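What follows is the content of coords-v5.cif, which has mmCIF, C-alpha atoms and all ligand atoms:
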```cif
data_coords
#
loop_
_atom_site.group_PDB
_atom_site.id
_atom_site.type_symbol
_atom_site.label_atom_id
_atom_site.label_comp_id
_atom_site.auth_asym_id
_atom_site.auth_seq_id
_atom_site.Cartn_x
_atom_site.Cartn_y
_atom_site.Cartn_z
ATOM 1 C CA MET A 1 -10.098 59.030 -35.269
ATOM 2 C CA ALA A 2 -11.291 59.021 -38.890
ATOM 3 C CA THR A 3 -12.996 62.243 -40.015
ATOM 4 C CA VAL A 4 -16.355 61.725 -41.688
ATOM 5 C CA ILE A 5 -16.666 64.044 -44.689
ATOM 6 C CA LYS A 6 -20.261 64.634 -45.709
ATOM 7 C CA ALA A 7 -20.637 64.709 -49.496
ATOM 8 C CA GLN A 8 -22.165 67.934 -50.754
ATOM 9 C CA ARG A 9 -25.692 67.179 -51.957
ATOM 10 C CA ASN A 10 -27.253 68.581 -55.117
ATOM 11 C CA PRO A 11 -30.896 69.382 -56.009
ATOM 12 C CA LYS A 12 -31.337 66.029 -57.754
ATOM 13 C CA ASP A 13 -30.873 64.300 -54.385
ATOM 14 C CA TYR A 14 -34.262 65.731 -53.320
ATOM 15 C CA GLU A 15 -36.270 64.549 -56.315
ATOM 16 C CA GLY A 16 -39.439 62.710 -55.385
ATOM 17 C CA LEU A 17 -42.278 61.621 -57.677
ATOM 18 C CA LYS A 18 -42.708 63.404 -61.016
ATOM 19 C CA PRO A 19 -44.941 66.473 -60.411
ATOM 20 C CA VAL A 20 -48.461 66.293 -61.849
ATOM 21 C CA TRP A 21 -49.022 70.068 -61.727
ATOM 22 C CA CYS A 22 -50.216 71.805 -64.923
ATOM 23 C CA PRO A 23 -47.288 72.901 -67.124
ATOM 24 C CA GLY A 24 -46.355 76.444 -66.058
ATOM 25 C CA CYS A 25 -47.877 76.226 -62.554
ATOM 26 C CA GLY A 26 -46.069 78.585 -60.166
ATOM 27 C CA ASP A 27 -45.557 75.769 -57.682
ATOM 28 C CA PHE A 28 -42.717 74.417 -59.859
ATOM 29 C CA GLY A 29 -40.706 77.510 -58.911
ATOM 30 C CA VAL A 30 -41.209 76.731 -55.212
ATOM 31 C CA LEU A 31 -40.186 73.088 -55.640
ATOM 32 C CA ASN A 32 -37.054 74.006 -57.611
ATOM 33 C CA ALA A 33 -36.021 76.674 -55.110
ATOM 34 C CA LEU A 34 -36.593 74.335 -52.180
ATOM 35 C CA LYS A 35 -34.464 71.568 -53.706
ATOM 36 C CA LYS A 36 -31.649 74.051 -54.348
ATOM 37 C CA VAL A 37 -31.738 75.428 -50.785
ATOM 38 C CA LEU A 38 -31.833 72.014 -49.129
ATOM 39 C CA ALA A 39 -28.848 70.976 -51.274
ATOM 40 C CA ASP A 40 -26.940 74.210 -50.478
ATOM 41 C CA LEU A 41 -27.570 73.666 -46.767
ATOM 42 C CA ASN A 42 -26.651 70.000 -47.260
ATOM 43 C CA ILE A 43 -29.602 68.741 -45.219
ATOM 44 C CA ASP A 44 -30.020 64.983 -45.302
ATOM 45 C CA PRO A 45 -33.498 64.077 -46.693
ATOM 46 C CA LYS A 46 -33.989 61.821 -43.663
ATOM 47 C CA ASP A 47 -33.707 64.869 -41.396
ATOM 48 C CA ILE A 48 -36.486 66.781 -43.165
ATOM 49 C CA ALA A 49 -40.181 66.601 -42.277
ATOM 50 C CA LEU A 50 -42.358 68.209 -44.938
ATOM 51 C CA VAL A 51 -45.924 68.671 -43.730
ATOM 52 C CA THR A 52 -48.654 69.690 -46.178
ATOM 53 C CA GLY A 53 -52.402 70.219 -46.212
ATOM 54 C CA ILE A 54 -54.718 69.560 -49.159
ATOM 55 C CA GLY A 55 -54.593 71.327 -52.500
ATOM 56 C CA CYS A 56 -52.510 71.319 -55.688
ATOM 57 C CA SER A 57 -49.667 73.033 -53.815
ATOM 58 C CA SER A 58 -49.843 70.578 -50.922
ATOM 59 C CA GLN A 59 -48.944 67.757 -53.294
ATOM 60 C CA ILE A 60 -45.388 69.056 -53.064
ATOM 61 C CA SER A 61 -44.886 66.517 -50.268
ATOM 62 C CA SER A 62 -44.896 63.774 -52.943
ATOM 63 C CA PHE A 63 -42.562 65.630 -55.298
ATOM 64 C CA LEU A 64 -39.737 66.289 -52.836
ATOM 65 C CA LYS A 65 -37.645 63.500 -51.346
ATOM 66 C CA ALA A 66 -38.038 63.834 -47.580
ATOM 67 C CA TYR A 67 -40.204 62.429 -44.797
ATOM 68 C CA ALA A 68 -43.661 63.791 -45.424
ATOM 69 C CA PHE A 69 -47.090 64.075 -43.879
ATOM 70 C CA HIS A 70 -49.804 64.938 -46.425
ATOM 71 C CA GLY A 71 -52.545 65.747 -43.980
ATOM 72 C CA VAL A 72 -55.940 67.355 -43.734
ATOM 73 C CA HIS A 73 -57.057 70.615 -45.388
ATOM 74 C CA GLY A 74 -55.982 73.571 -43.225
ATOM 75 C CA ARG A 75 -54.435 71.454 -40.470
ATOM 76 C CA LEU A 76 -50.781 71.225 -41.413
ATOM 77 C CA LEU A 77 -49.456 73.660 -38.813
ATOM 78 C CA PRO A 78 -50.588 71.763 -35.673
ATOM 79 C CA VAL A 79 -48.970 68.620 -37.116
ATOM 80 C CA ALA A 80 -45.761 70.460 -38.023
ATOM 81 C CA THR A 81 -45.681 72.033 -34.547
ATOM 82 C CA ALA A 82 -45.966 68.657 -32.835
ATOM 83 C CA ILE A 83 -43.292 67.101 -35.064
ATOM 84 C CA LYS A 84 -40.831 69.911 -34.334
ATOM 85 C CA LEU A 85 -41.444 69.923 -30.586
ATOM 86 C CA MET A 86 -40.964 66.160 -30.305
ATOM 87 C CA ASN A 87 -38.015 66.050 -32.758
ATOM 88 C CA PRO A 88 -36.103 69.325 -32.361
ATOM 89 C CA HIS A 89 -33.234 68.099 -34.561
ATOM 90 C CA LEU A 90 -35.481 67.831 -37.658
ATOM 91 C CA THR A 91 -35.852 70.572 -40.264
ATOM 92 C CA VAL A 92 -39.618 70.997 -40.321
ATOM 93 C CA ILE A 93 -41.244 72.661 -43.322
ATOM 94 C CA GLY A 94 -44.946 73.320 -43.730
ATOM 95 C CA ALA A 95 -46.267 73.977 -47.247
ATOM 96 C CA GLY A 96 -49.700 74.519 -48.737
ATOM 97 C CA GLY A 97 -52.047 76.869 -50.529
ATOM 98 C CA ASP A 98 -53.552 80.205 -49.587
ATOM 99 C CA GLY A 99 -56.919 78.464 -49.186
ATOM 100 C CA ASP A 100 -55.331 75.938 -46.862
ATOM 101 C CA GLY A 101 -53.526 78.528 -44.733
ATOM 102 C CA TYR A 102 -55.615 81.691 -44.877
ATOM 103 C CA ALA A 103 -59.170 80.234 -45.120
ATOM 104 C CA ILE A 104 -59.897 76.970 -43.306
ATOM 105 C CA GLY A 105 -56.505 77.026 -41.537
ATOM 106 C CA LEU A 106 -56.507 80.692 -40.527
ATOM 107 C CA SER A 107 -56.788 80.242 -36.766
ATOM 108 C CA HIS A 108 -54.025 77.628 -36.770
ATOM 109 C CA PHE A 109 -51.909 80.078 -38.780
ATOM 110 C CA LEU A 110 -52.296 82.918 -36.276
ATOM 111 C CA HIS A 111 -51.593 80.675 -33.283
ATOM 112 C CA ALA A 112 -48.557 79.124 -34.987
ATOM 113 C CA VAL A 113 -47.239 82.620 -35.690
ATOM 114 C CA ARG A 114 -47.570 83.787 -32.087
ATOM 115 C CA ARG A 115 -46.205 80.479 -30.720
ATOM 116 C CA ASN A 116 -42.995 80.948 -32.744
ATOM 117 C CA VAL A 117 -42.075 77.266 -33.077
ATOM 118 C CA ASP A 118 -39.025 76.787 -35.296
ATOM 119 C CA ILE A 119 -40.854 75.912 -38.545
ATOM 120 C CA THR A 120 -40.637 77.344 -42.050
ATOM 121 C CA TYR A 121 -44.106 77.798 -43.532
ATOM 122 C CA ILE A 122 -44.416 78.257 -47.313
ATOM 123 C CA VAL A 123 -47.782 79.451 -48.628
ATOM 124 C CA MET A 124 -48.220 79.049 -52.391
ATOM 125 C CA ASN A 125 -50.569 81.954 -52.955
ATOM 126 C CA ASN A 126 -52.540 81.851 -56.238
ATOM 127 C CA GLN A 127 -55.788 83.636 -55.188
ATOM 128 C CA VAL A 128 -57.893 80.564 -56.031
ATOM 129 C CA TYR A 129 -58.735 77.059 -54.815
ATOM 130 C CA GLY A 130 -56.807 75.319 -57.612
ATOM 131 C CA LEU A 131 -57.490 71.678 -56.754
ATOM 132 C CA THR A 132 -61.267 72.158 -56.612
ATOM 133 C CA LYS A 133 -61.290 73.992 -59.961
ATOM 134 C CA GLY A 134 -60.735 77.647 -59.337
ATOM 135 C CA GLN A 135 -63.187 79.054 -56.793
ATOM 136 C CA ALA A 136 -62.207 82.396 -55.200
ATOM 137 C CA SER A 137 -59.934 82.026 -52.188
ATOM 138 C CA PRO A 138 -59.647 84.652 -49.398
ATOM 139 C CA THR A 139 -56.675 86.294 -51.125
ATOM 140 C CA ALA A 140 -58.718 86.969 -54.299
ATOM 141 C CA ALA A 141 -59.129 90.696 -54.885
ATOM 142 C CA PHE A 142 -62.544 92.353 -54.382
ATOM 143 C CA GLY A 143 -64.505 91.866 -57.612
ATOM 144 C CA PHE A 144 -62.549 88.791 -58.780
ATOM 145 C CA VAL A 145 -64.750 86.686 -61.086
ATOM 146 C CA THR A 146 -64.696 82.888 -60.723
ATOM 147 C CA THR A 147 -67.184 80.043 -61.129
ATOM 148 C CA SER A 148 -68.193 80.508 -57.472
ATOM 149 C CA THR A 149 -68.358 84.320 -57.778
ATOM 150 C CA PRO A 150 -69.832 84.978 -61.268
ATOM 151 C CA GLN A 151 -70.607 88.605 -60.371
ATOM 152 C CA GLY A 152 -67.216 89.102 -58.736
ATOM 153 C CA THR A 153 -66.345 88.436 -55.102
ATOM 154 C CA ARG A 154 -67.919 90.912 -52.665
ATOM 155 C CA GLU A 155 -65.414 90.268 -49.854
ATOM 156 C CA ARG A 156 -62.256 92.134 -49.033
ATOM 157 C CA ASP A 157 -59.090 90.106 -49.517
ATOM 158 C CA VAL A 158 -56.916 88.712 -46.736
ATOM 159 C CA ASP A 159 -53.185 89.450 -46.663
ATOM 160 C CA GLY A 160 -51.221 86.754 -44.814
ATOM 161 C CA VAL A 161 -48.161 88.984 -44.527
ATOM 162 C CA LYS A 162 -50.039 91.770 -42.716
ATOM 163 C CA LEU A 163 -51.872 89.278 -40.501
ATOM 164 C CA ALA A 164 -48.596 87.606 -39.531
ATOM 165 C CA LEU A 165 -46.980 90.934 -38.678
ATOM 166 C CA ALA A 166 -49.949 91.942 -36.548
ATOM 167 C CA ALA A 167 -49.881 88.580 -34.755
ATOM 168 C CA GLY A 168 -46.246 89.082 -33.700
ATOM 169 C CA ALA A 169 -44.394 87.122 -36.392
ATOM 170 C CA THR A 170 -40.619 87.048 -36.057
ATOM 171 C CA PHE A 171 -39.921 86.362 -39.758
ATOM 172 C CA VAL A 172 -42.070 87.384 -42.716
ATOM 173 C CA ALA A 173 -41.063 87.256 -46.369
ATOM 174 C CA ARG A 174 -42.788 87.184 -49.709
ATOM 175 C CA GLY A 175 -41.413 85.705 -52.904
ATOM 176 C CA PHE A 176 -42.593 85.235 -56.471
ATOM 177 C CA SER A 177 -42.418 81.973 -58.423
ATOM 178 C CA GLY A 178 -41.116 83.927 -61.421
ATOM 179 C CA ASP A 179 -37.986 84.861 -59.439
ATOM 180 C CA VAL A 180 -36.443 81.588 -58.267
ATOM 181 C CA PRO A 181 -33.054 83.095 -57.226
ATOM 182 C CA GLN A 182 -34.888 85.407 -54.780
ATOM 183 C CA LEU A 183 -36.965 82.455 -53.522
ATOM 184 C CA VAL A 184 -33.735 80.560 -52.866
ATOM 185 C CA ARG A 185 -32.400 83.451 -50.756
ATOM 186 C CA LEU A 186 -35.656 83.823 -48.837
ATOM 187 C CA PHE A 187 -36.069 80.085 -48.151
ATOM 188 C CA LYS A 188 -32.460 79.884 -46.980
ATOM 189 C CA GLU A 189 -32.904 82.746 -44.544
ATOM 190 C CA ALA A 190 -36.264 81.358 -43.375
ATOM 191 C CA LEU A 191 -34.811 77.896 -42.707
ATOM 192 C CA GLN A 192 -31.991 79.435 -40.685
ATOM 193 C CA HIS A 193 -34.295 81.710 -38.668
ATOM 194 C CA PRO A 194 -34.764 80.601 -35.038
ATOM 195 C CA GLY A 195 -38.557 80.653 -34.914
ATOM 196 C CA PHE A 196 -41.638 80.539 -37.114
ATOM 197 C CA ALA A 197 -40.818 81.830 -40.604
ATOM 198 C CA LEU A 198 -43.564 82.666 -43.086
ATOM 199 C CA VAL A 199 -42.707 82.795 -46.775
ATOM 200 C CA ASP A 200 -45.783 83.771 -48.785
ATOM 201 C CA VAL A 201 -45.086 82.985 -52.440
ATOM 202 C CA LEU A 202 -47.020 84.617 -55.283
ATOM 203 C CA SER A 203 -47.445 81.459 -57.326
ATOM 204 C CA PRO A 204 -49.658 81.836 -60.414
ATOM 205 C CA CYS A 205 -52.351 79.251 -61.194
ATOM 206 C CA VAL A 206 -52.112 79.243 -64.981
ATOM 207 C CA THR A 207 -55.303 77.207 -65.381
ATOM 208 C CA TYR A 208 -57.899 78.981 -63.207
ATOM 209 C CA ASN A 209 -56.525 82.479 -62.649
ATOM 210 C CA ARG A 210 -56.196 84.435 -65.885
ATOM 211 C CA VAL A 211 -55.877 87.773 -64.044
ATOM 212 C CA ASN A 212 -52.944 87.336 -61.657
ATOM 213 C CA THR A 213 -50.515 86.011 -64.262
ATOM 214 C CA TYR A 214 -46.697 86.072 -64.225
ATOM 215 C CA ASP A 215 -46.783 89.325 -66.239
ATOM 216 C CA TRP A 216 -49.412 90.848 -63.943
ATOM 217 C CA PHE A 217 -47.235 90.137 -60.896
ATOM 218 C CA ARG A 218 -44.123 91.531 -62.604
ATOM 219 C CA GLU A 219 -46.013 94.806 -63.077
ATOM 220 C CA ASN A 220 -47.569 94.896 -59.626
ATOM 221 C CA ILE A 221 -44.831 93.859 -57.193
ATOM 222 C CA LEU A 222 -42.345 96.045 -55.390
ATOM 223 C CA ASN A 223 -39.170 94.187 -54.441
ATOM 224 C CA LEU A 224 -38.102 95.607 -51.058
ATOM 225 C CA ASP A 225 -34.818 93.676 -51.287
ATOM 226 C CA GLU A 226 -33.769 96.225 -53.906
ATOM 227 C CA ASP A 227 -34.386 99.205 -51.591
ATOM 228 C CA PRO A 228 -31.172 99.949 -49.623
ATOM 229 C CA GLU A 229 -33.123 102.287 -47.289
ATOM 230 C CA TYR A 230 -35.626 99.626 -46.237
ATOM 231 C CA ASP A 231 -35.199 98.404 -42.623
ATOM 232 C CA PRO A 232 -36.854 94.989 -42.112
ATOM 233 C CA THR A 233 -36.254 94.974 -38.341
ATOM 234 C CA ASP A 234 -38.648 97.730 -37.222
ATOM 235 C CA ARG A 235 -42.163 96.216 -37.003
ATOM 236 C CA VAL A 236 -44.036 99.550 -36.758
ATOM 237 C CA LYS A 237 -42.187 101.107 -39.699
ATOM 238 C CA VAL A 238 -42.623 97.911 -41.732
ATOM 239 C CA LEU A 239 -46.368 97.796 -41.067
ATOM 240 C CA THR A 240 -46.758 101.492 -41.864
ATOM 241 C CA LYS A 241 -44.835 101.071 -45.096
ATOM 242 C CA ILE A 242 -46.685 98.012 -46.390
ATOM 243 C CA MET A 243 -50.105 99.371 -45.362
ATOM 244 C CA THR A 244 -49.547 102.432 -47.527
ATOM 245 C CA LEU A 245 -47.993 100.829 -50.634
ATOM 246 C CA ASP A 246 -49.969 100.699 -53.858
ATOM 247 C CA ARG A 247 -47.991 97.651 -54.985
ATOM 248 C CA ILE A 248 -47.486 94.159 -53.520
ATOM 249 C CA PRO A 249 -44.303 94.049 -51.442
ATOM 250 C CA THR A 250 -41.900 91.151 -51.962
ATOM 251 C CA GLY A 251 -38.546 90.305 -50.400
ATOM 252 C CA LEU A 252 -37.510 90.020 -46.763
ATOM 253 C CA ILE A 253 -40.289 92.062 -45.169
ATOM 254 C CA PHE A 254 -39.633 91.610 -41.446
ATOM 255 C CA LYS A 255 -37.142 89.826 -39.253
ATOM 256 C CA ASP A 256 -36.796 90.030 -35.472
ATOM 257 C CA PRO A 257 -33.068 89.543 -34.818
ATOM 258 C CA SER A 258 -33.735 88.611 -31.181
ATOM 259 C CA SER A 259 -36.299 85.886 -31.932
ATOM 260 C CA LYS A 260 -36.332 83.011 -29.435
ATOM 261 C CA PRO A 261 -38.137 79.902 -30.651
ATOM 262 C CA TYR A 262 -40.763 78.236 -28.458
ATOM 263 C CA SER A 263 -38.513 75.215 -27.830
ATOM 264 C CA ARG A 264 -35.879 77.480 -26.298
ATOM 265 C CA LEU A 265 -38.466 78.736 -23.839
ATOM 266 C CA LEU A 266 -39.857 75.236 -23.255
ATOM 267 C CA LEU A 267 -37.067 72.671 -23.159
ATOM 268 C CA LYS A 268 -34.662 72.840 -20.211
ATOM 269 C CA ASP A 269 -31.690 72.333 -22.521
ATOM 270 C CA PRO A 270 -32.729 72.939 -26.158
ATOM 271 C CA ASP A 271 -29.188 72.401 -27.439
ATOM 272 C CA ASN A 272 -29.250 68.870 -26.042
ATOM 273 C CA PRO A 273 -32.848 67.798 -26.594
ATOM 274 C CA PRO A 274 -33.881 64.581 -24.821
ATOM 275 C CA ALA A 275 -34.352 61.426 -26.856
ATOM 276 C CA LEU A 276 -37.964 60.747 -27.780
ATOM 277 C CA GLU A 277 -38.255 57.859 -25.320
ATOM 278 C CA GLU A 278 -37.200 60.156 -22.473
ATOM 279 C CA LEU A 279 -40.041 62.577 -23.172
ATOM 280 C CA ARG A 280 -43.148 61.685 -21.233
ATOM 281 C CA VAL A 281 -45.806 62.375 -23.822
ATOM 282 C CA ARG A 282 -48.372 59.963 -22.379
ATOM 283 C CA PRO A 283 -49.776 60.521 -18.888
ATOM 284 C CA GLU A 284 -49.478 57.637 -16.443
ATOM 285 C CA LEU A 285 -52.760 55.848 -15.801
ATOM 286 C CA ALA A 286 -52.141 55.880 -12.041
ATOM 287 C CA GLU A 287 -51.696 59.665 -12.083
ATOM 288 C CA LEU A 288 -54.948 60.152 -13.957
ATOM 289 C CA GLN A 289 -56.817 57.856 -11.589
ATOM 290 C CA GLU A 290 -55.482 59.842 -8.659
ATOM 291 C CA GLN A 291 -56.746 63.095 -10.174
ATOM 292 C CA PHE A 292 -60.118 62.037 -11.459
ATOM 293 C CA VAL A 293 -61.391 59.085 -9.421
HETATM 294 C C1 LIG A 301 -62.122 69.886 -44.670
HETATM 295 C C2 LIG A 301 -62.101 70.059 -46.171
HETATM 296 N N1 LIG A 301 -62.822 71.045 -46.730
HETATM 297 C C3 LIG A 301 -62.802 71.215 -48.073
HETATM 298 C C4 LIG A 301 -62.055 70.389 -48.854
HETATM 299 C C5 LIG A 301 -62.072 70.577 -50.354
HETATM 300 N N2 LIG A 301 -60.847 71.193 -50.813
HETATM 301 C C6 LIG A 301 -59.786 70.460 -51.228
HETATM 302 S S1 LIG A 301 -58.501 71.388 -51.734
HETATM 303 C C7 LIG A 301 -59.365 72.806 -51.403
HETATM 304 C C8 LIG A 301 -58.792 74.176 -51.659
HETATM 305 C C9 LIG A 301 -57.454 74.178 -52.282
HETATM 306 O O1 LIG A 301 -56.999 75.504 -52.421
HETATM 307 P P1 LIG A 301 -55.630 75.962 -51.836
HETATM 308 O O2 LIG A 301 -55.441 75.502 -50.448
HETATM 309 O O3 LIG A 301 -55.510 77.426 -52.069
HETATM 310 O O4 LIG A 301 -54.566 75.162 -52.699
HETATM 311 P P2 LIG A 301 -54.307 75.119 -54.276
HETATM 312 O O5 LIG A 301 -55.083 73.927 -54.781
HETATM 313 O O6 LIG A 301 -54.779 76.385 -54.874
HETATM 314 O O7 LIG A 301 -52.849 74.925 -54.358
HETATM 315 C C10 LIG A 301 -60.629 72.539 -50.909
HETATM 316 C C11 LIG A 301 -61.624 73.574 -50.546
HETATM 317 C C12 LIG A 301 -61.302 69.368 -48.223
HETATM 318 N N3 LIG A 301 -60.505 68.543 -48.909
HETATM 319 N N4 LIG A 301 -61.346 69.233 -46.886
HETATM 320 S S1 LIG A 302 -54.855 73.944 -61.293
HETATM 321 FE FE1 LIG A 302 -53.596 75.766 -60.954
HETATM 322 S S2 LIG A 302 -52.629 75.457 -58.929
HETATM 323 FE FE2 LIG A 302 -53.391 73.470 -59.672
HETATM 324 S S3 LIG A 302 -51.629 72.524 -60.711
HETATM 325 FE FE3 LIG A 302 -52.861 73.583 -62.264
HETATM 326 S S4 LIG A 302 -51.903 75.608 -62.423
HETATM 327 FE FE4 LIG A 302 -51.191 74.724 -60.495
#
```

Structure rendered as structure tokens:
Amino acid sequence: MATVIKAQRNPKDYEGLKPVWCPGCGDFGVLNALKKVLADLNIDPKDIALVTGIGCSSQISSFLKAYAFHGVHGRLLPVATAIKLMNPHLTVIGAGGDGDGYAIGLSHFLHAVRRNVDITYIVMNNQVYGLTKGQASPTAAFGFVTTSTPQGTRERDVDGVKLALAAGATFVARGFSGDVPQLVRLFKEALQHPGFALVDVLSPCVTYNRVNTYDWFRENILNLDEDPEYDPTDRVKVLTKIMTLDRIPTGLIFKDPSSKPYSRLLLKDPDNPPALEELRVRPELAELQEQFV
């Protein structure tokens, strides 16, 4: 029998439309890292489902060559969940902004985390609503001045990493668009994790956020990947550590080595998932009539 040798792909094989982001936008770093990882893992573009919300960052679904669903603001995770459960063989990636995931989409985020469906979720975190011209998002620091908060925001900021850990996440990482090699490592590990993997990416908006710049992040992050003593597998120690840091932690923050994805708990034989037509996703009319008439 002839052996089929799959040609090794390269990042160019994942090029979609030309990005329309502002020159210097942090989201370029995410796109470049993602293309590199997908090529390294040699994943066929037809086997990728990229699901996005609404925002500058969510436009990534047009810039990467893969099947894509550019959906509704804050609603990408329910769609990604359904796609993965119905098509377990697909690599399902969710991607969007911090407004999309931690404001309007916050409840979906927490439920997706605790459900642990095998999805990689990338949040491009720039502390503003970029697409709608720079209003403060929930990750903006207390006092952050924008057009919508001329006297500075009077709300405490949300931290998706801490929320995910508290909600029982099995994989939590944070990258920085100014460090693409680290993003590549984190995305690779996230895509290979059996369960829901959050990668929060500090991704500067060079047009509407003149505070949290590339230089500002370089001065304010603490890369836990460089700490040989750091143990990312102990949730309590991880939470204690990151709650007491005076800098923003990046790197692989937490990973549960015994994570079991939802599909493993749901499908009778997850290694041999049934074909779509064998799954009964629509109830039979007769059954409904029996129950309700
Ligand atoms: C239901 C709904 N509410 C509000 C909007 C308006 N809107 C579009 S994008 C956006 C925020 C974008 O910010 P973020 O998700 O952080 O992404 P970024 O543009 O910064 O990448 C908002 C509020 C919308 N499109 N739909
Ligand atoms: S407005 Fe900000 S987030 Fe949007 S493309 Fe420009 S730099 Fe990126």

Output as a Markdown table one row per residue of chain A within 7 Å of ligand LIG 302 (chain A): the closest atom pair and its distance in Å to one decimal place, counting only C-alpha atoms and all ligand atoms, sorted by chain and residue number ascending.
```
| residue | atom | partner | partner_atom | distance |
| --- | --- | --- | --- | --- |
| A:Trp21 | CA | A:LIG302 | S3 | 3.7 |
| A:Cys22 | CA | A:LIG302 | FE3 | 4.2 |
| A:Gly24 | CA | A:LIG302 | S4 | 6.7 |
| A:Cys25 | CA | A:LIG302 | S4 | 4.1 |
| A:Gly26 | CA | A:LIG302 | FE4 | 6.4 |
| A:Asp27 | CA | A:LIG302 | FE4 | 6.4 |
| A:Cys56 | CA | A:LIG302 | FE2 | 4.6 |
| A:Ser57 | CA | A:LIG302 | S2 | 6.4 |
| A:Asn126 | CA | A:LIG302 | S2 | 6.9 |
| A:Gly130 | CA | A:LIG302 | S2 | 4.4 |
| A:Leu131 | CA | A:LIG302 | FE2 | 5.3 |
| A:Lys133 | CA | A:LIG302 | S1 | 6.6 |
| A:Pro204 | CA | A:LIG302 | S4 | 6.9 |
| A:Cys205 | CA | A:LIG302 | FE1 | 3.7 |
| A:Val206 | CA | A:LIG302 | S4 | 4.4 |
| A:Thr207 | CA | A:LIG302 | S4 | 4.8 |
| A:Tyr208 | CA | A:LIG302 | FE1 | 5.8 |
```

message: Could you list, as an NGL selection string, all protein and nucleic acid residues with an atom at most 7 Å from ligand LIG 301 (chain A), counting all atoms listed in the file?
response: :A and (54-58 or 72-73 or 96-101 or 124-132 or 137)

field: d(atom CA of A:Ala103, atom CA of A:Pro138) in Å
entry: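 That distance, rounded to one decimal, is 6.2 Å.
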
field: From A:Asn42, A:Thr250, A:Gln135, A:Asn212, residue lying nearest A:Lys6 [all atoms listed in the file]
entry: A:Asn42

- prompt: How far is it from atom CA of A:Leu198 to atom CA of A:Ile242, in Å with one decimal?
  reply: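 About the pair atom CA of A:Leu198 and atom CA of A:Ile242: they are 16.0 Å apart.
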
List the residues selected by the PyMOL selection byres (((chain A and resi 253) around 6) and not hetatm) in the file shown, writing them as a JSON list (two decimals) with C-alpha atoms, in the frame of the given file.
```json
[["chain", "number", "residue", "atom", "x", "y", "z"],
["A", 172, "VAL", "CA", -42.07, 87.38, -42.72],
["A", 173, "ALA", "CA", -41.06, 87.26, -46.37],
["A", 232, "PRO", "CA", -36.85, 94.99, -42.11],
["A", 251, "GLY", "CA", -38.55, 90.30, -50.40],
["A", 252, "LEU", "CA", -37.51, 90.02, -46.76],
["A", 254, "PHE", "CA", -39.63, 91.61, -41.45]]
```

Write out, as CSV, each residue of stretch 188-265 of chain A that has an atom at most 12 Å from stretch 115-118 of chain A, together with the closest pair of atoms and their distance in Å to one decimal, counting all atoms listed in the file, rows going by chain and rising number.
```
residue,atom,partner,partner_atom,distance
A:Ala190,CA,A:Asp118,CA,9.7
A:Leu191,CA,A:Asp118,CA,8.6
A:Gln192,CA,A:Asp118,CA,9.2
A:His193,CA,A:Asp118,CA,7.6
A:Pro194,CA,A:Asp118,CA,5.7
A:Gly195,CA,A:Asp118,CA,3.9
A:Phe196,CA,A:Asn116,CA,4.6
A:Ala197,CA,A:Asp118,CA,7.5
A:Leu198,CA,A:Asn116,CA,10.5
A:Asp256,CA,A:Asn116,CA,11.3
A:Ser259,CA,A:Asn116,CA,8.4
A:Lys260,CA,A:Asn116,CA,7.7
A:Pro261,CA,A:Val117,CA,5.3
A:Tyr262,CA,A:Val117,CA,4.9
A:Ser263,CA,A:Val117,CA,6.7
A:Arg264,CA,A:Val117,CA,9.2
A:Leu265,CA,A:Val117,CA,10.0
```

- prompt: Neighbours of A:Asn220 within 12 Å (all atoms listed in the file; same-chain residues fewer than 3 positions away dropped), as a VMD selection string?
  reply: chain A and resid 176 202 211 to 217 223 245 to 250

message: Could you check the closest approach to A:Pro11 for each of A:Val184, A:Met243, A:Val201, A:Leu106 and tell me which residue wins, using all atoms listed in the file?
response: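 For A:Pro11, the nearest of the candidates is A:Val184.
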
query: Contacts of A:Ile119 at 12 Å or less, counting all atoms listed in the file, minus same-chain residues fewer than 6 places along, as a ChimeraX atom specification?
result: /A:48-51,76-85,87-95,109,112-113,169-171,187,190-199,261-263

task: Could you please determine the separation between atom CA of A:Asp227 and atom CA of A:Arg185 in Å, to one decimal place?
output: 15.9 Å

message: I'd like to know which of A:Gly143, A:Pro45, A:Pro257, A:Gly105 is closest to A:Gly74, using only C-alpha atoms.
response: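 Smallest distance to A:Gly74 is found for A:Gly105.
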
Find the axis-aligned box for stretch 48-65 of chain A, covering all its listed atoms and adding 3 Å on each side, and write its centre and edge lengths in Å to one decimal as JSON.
```
{"center_x": -45.6, "center_y": 68.3, "center_z": -49.0, "size_x": 24.2, "size_y": 15.5, "size_z": 19.4}
```

field: Top pick for closest residue to A:Asp179, considering A:Leu285, A:Thr149, A:Ile221, A:Glu15 and counting all atoms listed in the file
entry: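 Of the candidates, the smallest distance to A:Asp179 is held by A:Ile221.
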
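The smallest atom-to-atom distance between A:Leu31 and any of A:Arg114, A:Ala7, A:Arg156, A:Gln59, using only C-alpha atoms, is found for A:Gln59.
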
Using all atoms listed in the file, which protein or nucleic acid residues come within 10 Å of A:Lys18? Drop anything in the same chain fewer than 4 positions from it, and give the result as an mmCIF file with C-alpha atoms, in the frame of the given file.
```
data_model
loop_
_atom_site.group_PDB
_atom_site.id
_atom_site.type_symbol
_atom_site.label_atom_id
_atom_site.label_comp_id
_atom_site.auth_asym_id
_atom_site.auth_seq_id
_atom_site.Cartn_x
_atom_site.Cartn_y
_atom_site.Cartn_z
ATOM 1 C CA SER A 62 -44.896 63.774 -52.943
ATOM 2 C CA PHE A 63 -42.562 65.630 -55.298
ATOM 3 C CA LEU A 64 -39.737 66.289 -52.836
#
```

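Considering the residues A:Ser177, A:Asn32, A:Thr146, A:Ser107 and counting only C-alpha atoms, A:Ile60 has its shortest atom-to-atom contact with A:Asn32.
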